[in-house]
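Q: Just one file: query-v4.cif, with mmCIF, C-alpha atoms.
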```cif
data_entry
#
loop_
_atom_site.label_atom_id
_atom_site.label_comp_id
_atom_site.auth_asym_id
_atom_site.auth_seq_id
_atom_site.Cartn_x
_atom_site.Cartn_y
_atom_site.Cartn_z
CA MET A 277 0.00 0.00 0.00
CA GLY A 278 1.37 3.42 -0.97
CA THR A 279 1.99 6.10 1.61
CA ALA A 280 0.81 9.72 1.53
CA ASN A 281 4.33 10.69 0.46
CA ASP A 282 4.14 8.26 -2.49
CA SER A 283 0.82 9.81 -3.47
CA SER A 284 2.23 13.32 -3.20
CA LYS A 285 5.27 12.33 -5.29
CA ASP A 286 3.04 10.72 -7.89
CA ILE A 287 0.89 13.83 -8.35
CA SER A 288 4.02 16.02 -8.52
CA ASP A 289 5.60 13.77 -11.16
CA ARG A 290 2.42 13.68 -13.26
CA LEU A 291 2.14 17.44 -13.10
CA ALA A 292 5.81 18.00 -13.93
CA GLU A 293 5.37 15.90 -17.08
CA LYS A 294 2.85 18.47 -18.34
CA HIS A 295 5.42 21.30 -17.99
CA PRO A 296 2.69 23.68 -16.84
CA LYS A 297 3.02 27.43 -17.21
CA VAL A 298 2.24 29.01 -13.83
CA VAL A 299 1.68 32.70 -13.10
CA PHE A 300 1.29 33.80 -9.48
CA VAL A 301 -1.19 36.66 -9.09
CA LEU A 302 -0.63 38.86 -6.04
CA GLY A 303 -2.16 42.10 -4.84
CA GLY A 304 -3.80 43.53 -1.76
CA PRO A 305 -7.52 43.19 -1.00
CA GLY A 306 -9.40 45.46 -3.42
CA SER A 307 -6.53 45.66 -5.94
CA GLY A 308 -8.82 44.24 -8.65
CA LYS A 309 -6.90 41.04 -9.31
CA GLY A 310 -10.05 38.88 -9.41
CA THR A 311 -11.58 41.04 -12.16
CA GLN A 312 -8.36 40.98 -14.16
CA CYS A 313 -8.01 37.19 -13.75
CA GLU A 314 -11.45 36.75 -15.37
CA LYS A 315 -10.29 38.81 -18.34
CA ILE A 316 -7.01 36.87 -18.66
CA VAL A 317 -8.97 33.59 -18.67
CA GLN A 318 -11.25 34.88 -21.47
CA HIS A 319 -8.49 36.34 -23.62
CA PHE A 320 -5.53 34.02 -23.06
CA GLY A 321 -7.04 30.64 -22.13
CA TYR A 322 -5.58 30.28 -18.65
CA THR A 323 -7.27 28.35 -15.84
CA HIS A 324 -7.84 30.54 -12.78
CA LEU A 325 -7.18 28.83 -9.45
CA SER A 326 -7.88 30.63 -6.18
CA ALA A 327 -6.18 28.98 -3.20
CA GLY A 328 -8.87 30.39 -0.89
CA ASP A 329 -11.72 29.03 -3.03
CA LEU A 330 -10.12 25.57 -3.17
CA LEU A 331 -9.70 25.50 0.62
CA ARG A 332 -13.31 26.59 1.17
CA ALA A 333 -14.62 23.98 -1.29
CA GLU A 334 -12.60 21.22 0.40
CA LYS A 335 -13.75 22.40 3.85
CA ASN A 336 -17.39 22.21 2.72
CA SER A 337 -16.98 18.80 1.06
CA GLY A 338 -17.12 16.90 4.35
CA SER A 339 -14.01 14.88 3.43
CA GLU A 340 -11.46 13.89 6.07
CA ASN A 341 -9.17 16.58 4.70
CA GLY A 342 -12.07 19.07 4.75
CA ILE A 343 -12.84 18.36 8.41
CA MET A 344 -9.18 18.93 9.29
CA ILE A 345 -9.24 22.27 7.42
CA GLN A 346 -12.47 23.26 9.19
CA ASN A 347 -11.00 22.43 12.61
CA MET A 348 -7.83 24.41 11.91
CA MET A 349 -9.82 27.44 10.73
CA ASN A 350 -12.08 27.23 13.79
CA GLU A 351 -8.99 27.29 16.00
CA GLY A 352 -7.57 30.27 14.09
CA LYS A 353 -4.64 28.20 12.83
CA ILE A 354 -3.06 28.54 9.39
CA VAL A 355 -3.65 25.56 7.10
CA PRO A 356 -0.27 23.92 6.32
CA SER A 357 1.25 24.87 2.96
CA GLU A 358 1.34 21.22 1.90
CA VAL A 359 -2.46 20.92 2.18
CA THR A 360 -3.07 23.98 -0.01
CA ILE A 361 -0.42 22.91 -2.52
CA LYS A 362 -1.96 19.42 -2.89
CA LEU A 363 -5.34 21.02 -3.61
CA LEU A 364 -3.71 23.26 -6.22
CA GLN A 365 -1.90 20.30 -7.82
CA LYS A 366 -5.09 18.24 -8.01
CA ALA A 367 -7.01 21.16 -9.56
CA MET A 368 -4.22 21.68 -12.10
CA LEU A 369 -4.26 18.02 -13.14
CA ASP A 370 -8.06 17.83 -13.23
CA SER A 371 -8.35 20.94 -15.42
CA GLY A 372 -6.68 19.36 -18.46
CA ASN A 373 -5.04 22.75 -19.12
CA ASP A 374 -1.34 23.61 -18.95
CA LYS A 375 -1.60 27.37 -18.22
CA PHE A 376 -2.58 28.54 -14.75
CA LEU A 377 -3.18 31.74 -12.84
CA ILE A 378 -2.68 30.98 -9.15
CA ASP A 379 -4.45 33.74 -7.28
CA GLY A 380 -3.64 34.76 -3.70
CA PHE A 381 -0.84 32.22 -3.31
CA PRO A 382 1.91 32.10 -2.15
CA ARG A 383 0.83 34.27 0.78
CA ASN A 384 4.24 34.17 2.42
CA GLU A 385 7.81 32.97 1.99
CA GLU A 386 7.07 29.59 3.58
CA ASN A 387 4.25 29.00 1.02
CA ARG A 388 6.59 29.97 -1.81
CA ALA A 389 9.45 27.70 -0.74
CA ALA A 390 7.08 24.78 -0.12
CA PHE A 391 5.38 25.19 -3.54
CA GLU A 392 8.67 25.11 -5.43
CA ALA A 393 10.04 22.22 -3.34
CA LEU A 394 6.92 20.04 -3.63
CA THR A 395 5.93 20.76 -7.24
CA LYS A 396 9.39 21.42 -8.75
CA ILE A 397 7.66 24.28 -10.60
CA GLU A 398 8.85 27.87 -10.68
CA PRO A 399 6.39 30.50 -11.87
CA GLU A 400 6.92 32.04 -15.30
CA PHE A 401 6.40 35.36 -13.55
CA VAL A 402 4.47 37.07 -10.75
CA LEU A 403 1.71 39.47 -11.78
CA TYR A 404 1.64 42.06 -9.01
CA PHE A 405 -1.31 44.45 -8.83
CA ASN A 406 0.15 47.39 -6.94
CA CYS A 407 -2.59 49.66 -5.61
CA PRO A 408 -2.40 52.42 -2.96
CA GLU A 409 -3.96 51.43 0.35
CA LYS A 410 -6.43 54.35 0.30
CA GLU A 411 -7.75 53.29 -3.11
CA MET A 412 -8.14 49.64 -2.05
CA GLU A 413 -9.94 50.79 1.09
CA ARG A 414 -12.31 52.98 -0.96
CA ARG A 415 -13.12 50.12 -3.35
CA ILE A 416 -13.85 47.62 -0.60
CA LEU A 417 -16.05 50.03 1.33
CA ASN A 418 -18.00 50.81 -1.85
CA ARG A 419 -18.31 47.09 -2.57
CA ASN A 420 -19.61 46.58 0.97
CA GLN A 421 -22.12 49.41 0.50
CA GLY A 422 -20.15 51.72 2.72
CA ARG A 423 -20.71 49.95 6.07
CA GLU A 424 -17.58 51.66 7.29
CA ASP A 425 -17.86 50.93 11.01
CA ASP A 426 -18.31 47.20 10.34
CA ASN A 427 -15.44 46.82 7.95
CA ILE A 428 -12.72 49.43 8.25
CA GLU A 429 -10.70 47.69 11.01
CA THR A 430 -10.93 44.30 9.30
CA ILE A 431 -9.86 45.83 6.00
CA ARG A 432 -6.84 47.50 7.60
CA LYS A 433 -5.82 44.25 9.28
CA ARG A 434 -5.96 42.51 5.88
CA PHE A 435 -3.75 45.22 4.37
CA LYS A 436 -1.25 44.80 7.21
CA VAL A 437 -1.13 41.02 6.76
CA PHE A 438 -0.61 41.43 3.00
CA LEU A 439 2.26 43.88 3.50
CA GLU A 440 3.99 41.77 6.15
CA SER A 441 3.52 38.39 4.46
CA SER A 442 3.31 38.85 0.71
CA LEU A 443 5.76 41.67 0.02
CA PRO A 444 8.77 39.44 0.91
CA VAL A 445 7.55 36.99 -1.78
CA ILE A 446 7.36 39.83 -4.32
CA GLU A 447 10.85 41.02 -3.33
CA TYR A 448 12.21 37.47 -3.73
CA TYR A 449 10.88 37.18 -7.28
CA LYS A 450 11.99 40.73 -8.10
CA GLY A 451 15.50 39.53 -7.36
CA LYS A 452 14.99 36.87 -10.05
CA GLY A 453 13.59 39.36 -12.56
CA LYS A 454 10.19 37.66 -12.47
CA VAL A 455 7.84 40.40 -11.21
CA ARG A 456 5.52 42.18 -13.66
CA GLU A 457 4.12 45.12 -11.71
CA ILE A 458 0.83 46.74 -12.72
CA ASP A 459 -0.48 50.15 -11.64
CA ALA A 460 -3.80 48.82 -10.34
CA ALA A 461 -5.17 52.23 -9.31
CA LYS A 462 -6.21 52.91 -12.92
CA PRO A 463 -9.69 52.10 -14.34
CA VAL A 464 -10.33 48.42 -15.11
CA GLU A 465 -9.89 48.65 -18.90
CA GLU A 466 -6.66 50.66 -18.62
CA VAL A 467 -5.28 48.09 -16.21
CA PHE A 468 -6.18 45.30 -18.63
CA GLU A 469 -4.33 47.06 -21.46
CA GLU A 470 -1.18 46.80 -19.30
CA VAL A 471 -1.99 43.17 -18.52
CA LYS A 472 -2.42 42.34 -22.22
CA ASP A 473 1.01 43.77 -23.02
CA ILE A 474 2.53 41.43 -20.43
CA PHE A 475 0.79 38.29 -21.70
CA ASN A 476 1.14 39.19 -25.36
CA PRO A 477 4.27 41.35 -25.74
CA LYS A 478 4.32 43.56 -28.81
CA VAL A 479 7.03 42.53 -31.28
CA PRO A 480 9.00 45.58 -32.41
CA LYS A 481 8.33 46.32 -36.06
CA VAL A 482 11.29 46.05 -38.41
CA PRO A 483 11.73 49.36 -40.29
CA LYS A 484 10.66 49.10 -43.91
CA ASP A 485 13.36 49.44 -46.51
CA GLU A 486 12.09 51.43 -49.48
CA ASN A 487 14.65 49.87 -51.81
CA VAL A 488 13.49 46.26 -52.10
CA GLU A 489 14.85 45.58 -55.59
CA GLY A 490 16.93 42.49 -55.81
CA ARG A 491 15.64 41.12 -52.49
CA CYS A 492 13.57 37.98 -52.12
CA MET A 493 9.87 38.41 -51.46
CA CYS A 494 10.18 37.17 -47.87
CA CYS A 495 12.48 40.12 -47.18
CA ALA A 496 10.44 42.54 -49.29
CA ILE A 497 7.33 42.08 -47.18
CA LEU A 498 9.22 43.49 -44.20
#
```
Before we go any further, please render this structure as structure tokens.
A:
Amino acid sequence: MGTANDSSKDISDRLAEKHPKVVFVLGGPGSGKGTQCEKIVQHFGYTHLSAGDLLRAEKNSGSENGIMIQNMMNEGKIVPSEVTIKLLQKAMLDSGNDKFLIDGFPRNEENRAAFEALTKIEPEFVLYFNCPEKEMERRILNRNQGREDDNIETIRKRFKVFLESSLPVIEYYKGKGKVREIDAAKPVEEVFEEVKDIFNPKVPKVPKDENVEGRCMCCAIL
């Protein structure tokens, strides 16, 4: 009978064989990354995986793993990286796709190191939606119909956690030249124009040569 480690190794090997293209999507609460992920899926054929959504779905499934997640959340504990990573790996394999947006993960350096160690996958790049705190706060309060007294402290705590936990991940990948930073304070469509340039870089046009005599047609069309 195989052990859990065998099972984990098997799923990692099967996934590695697909050579998946992974993009981590990071940004503070209210930075608009969810909206932009929907657009990337529609335009570029990626599968969007939210670590939080996968954990919630597993928790609600009633499985043994789900009960463990529920108990940890009830106790205010952080779900181990390995649990989240296994859910991501399973979702990646089940999707049949080989291009993934992983949204809201890694949340911290420990997540990042565990993901690379367990999956043997490095992201192609990190899409970082950089948005000023005041703008994110305004968006969330508008989204929550302005119930400021109910939400403002919670929102600020979420900002603080993002800054403390996720910025070291962004700095790590900056050091590897893998961060694509977006000005997320702009209107949605302007932000997506920046996103499109990242996923579909414009090829510089070769200057036309007026004198094409004596050149082959393949050169002349340039």
Q: Using the chain letters and numbers from the file, give me the residues hit by the PyMOL selection byres ((chain A and resi 311) around 12), as a list of chain:residue names.
A: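 Answer for the PyMOL selection byres ((chain A and resi 311) around 12): A:Val301, A:Gly303, A:Gly306, A:Ser307, A:Gly308, A:Lys309, A:Gly310, A:Gln312, A:Cys313, A:Glu314, A:Lys315, A:Ile316, A:Val317, A:Gln318, A:His324, A:Asp379, A:Phe405, A:Ala460, A:Pro463, A:Val464, A:Glu465, A:Val467, A:Phe468, A:Val471.
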Q: Please evaluate the PyMOL selection byres ((chain A and resi 404) around 10) against the structure above and give the resulting residues as a list of chain:residue names.
A: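 Written out, the selection comes to A:Phe300, A:Val301, A:Leu302, A:Gly303, A:Gly304, A:Ser307, A:Lys309, A:Phe401, A:Val402, A:Leu403, A:Phe405, A:Asn406, A:Cys407, A:Leu443, A:Ile446, A:Val455, A:Arg456, A:Glu457, A:Ile458, A:Asp459, A:Ala460.
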Q: Looking at all atoms listed in the file, which of A:Gln365, A:Thr430, A:Asn384, A:Asn373 is the one that sits closest to A:Ile287?
A: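 Answer, going by the shortest atom-to-atom distance: A:Gln365.
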Q: One decimal, in Å: what's the spacing between atom CA of A:Lys362 and atom CA of A:Gly380?
A: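 Atom CA of A:Lys362 sits 15.5 Å away from atom CA of A:Gly380.
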Q: Which distance in Å separates atom CA of A:Glu400 and atom CA of A:Val445, to one decimal?
A: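 If I compute the distance from atom CA of A:Glu400 to atom CA of A:Val445, I get 14.4 Å.
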Q: Have a look at atom CA of A:Arg432 and atom CA of A:Asn418 and let me know their distance in Å, one decimal.
A: 15.0 Å
Q: Name every residue that the PyMOL selection byres ((chain A and resi 394-398) around 9) selects in this structure, writing the answer as a ChimeraX atom specification with chains first and numbers rising.
A: /A:284-285,287-289,291-292,295-299,358,361-362,365,389-393,399-401
Q: Nearest residue to A:Leu364 out of A:Arg419, A:Asp473, A:Glu440, A:Phe381, using all atoms listed in the file?
A: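 Nearest candidate to A:Leu364 out of A:Arg419, A:Asp473, A:Glu440, A:Phe381: A:Phe381.
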Q: Here is a test: counting all atoms listed in the file, which residue of A:Pro477, A:Glu413, A:Glu340, A:Glu385 is nearest to A:Glu447?
A: A:Glu385
Q: Counting all atoms listed in the file, figure out which residue out of A:Arg388, A:Lys353, A:Arg415, A:Lys375 gets nearest to A:Ser441.
A: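 Among the listed residues, the smallest separation from A:Ser441 belongs to A:Arg388.
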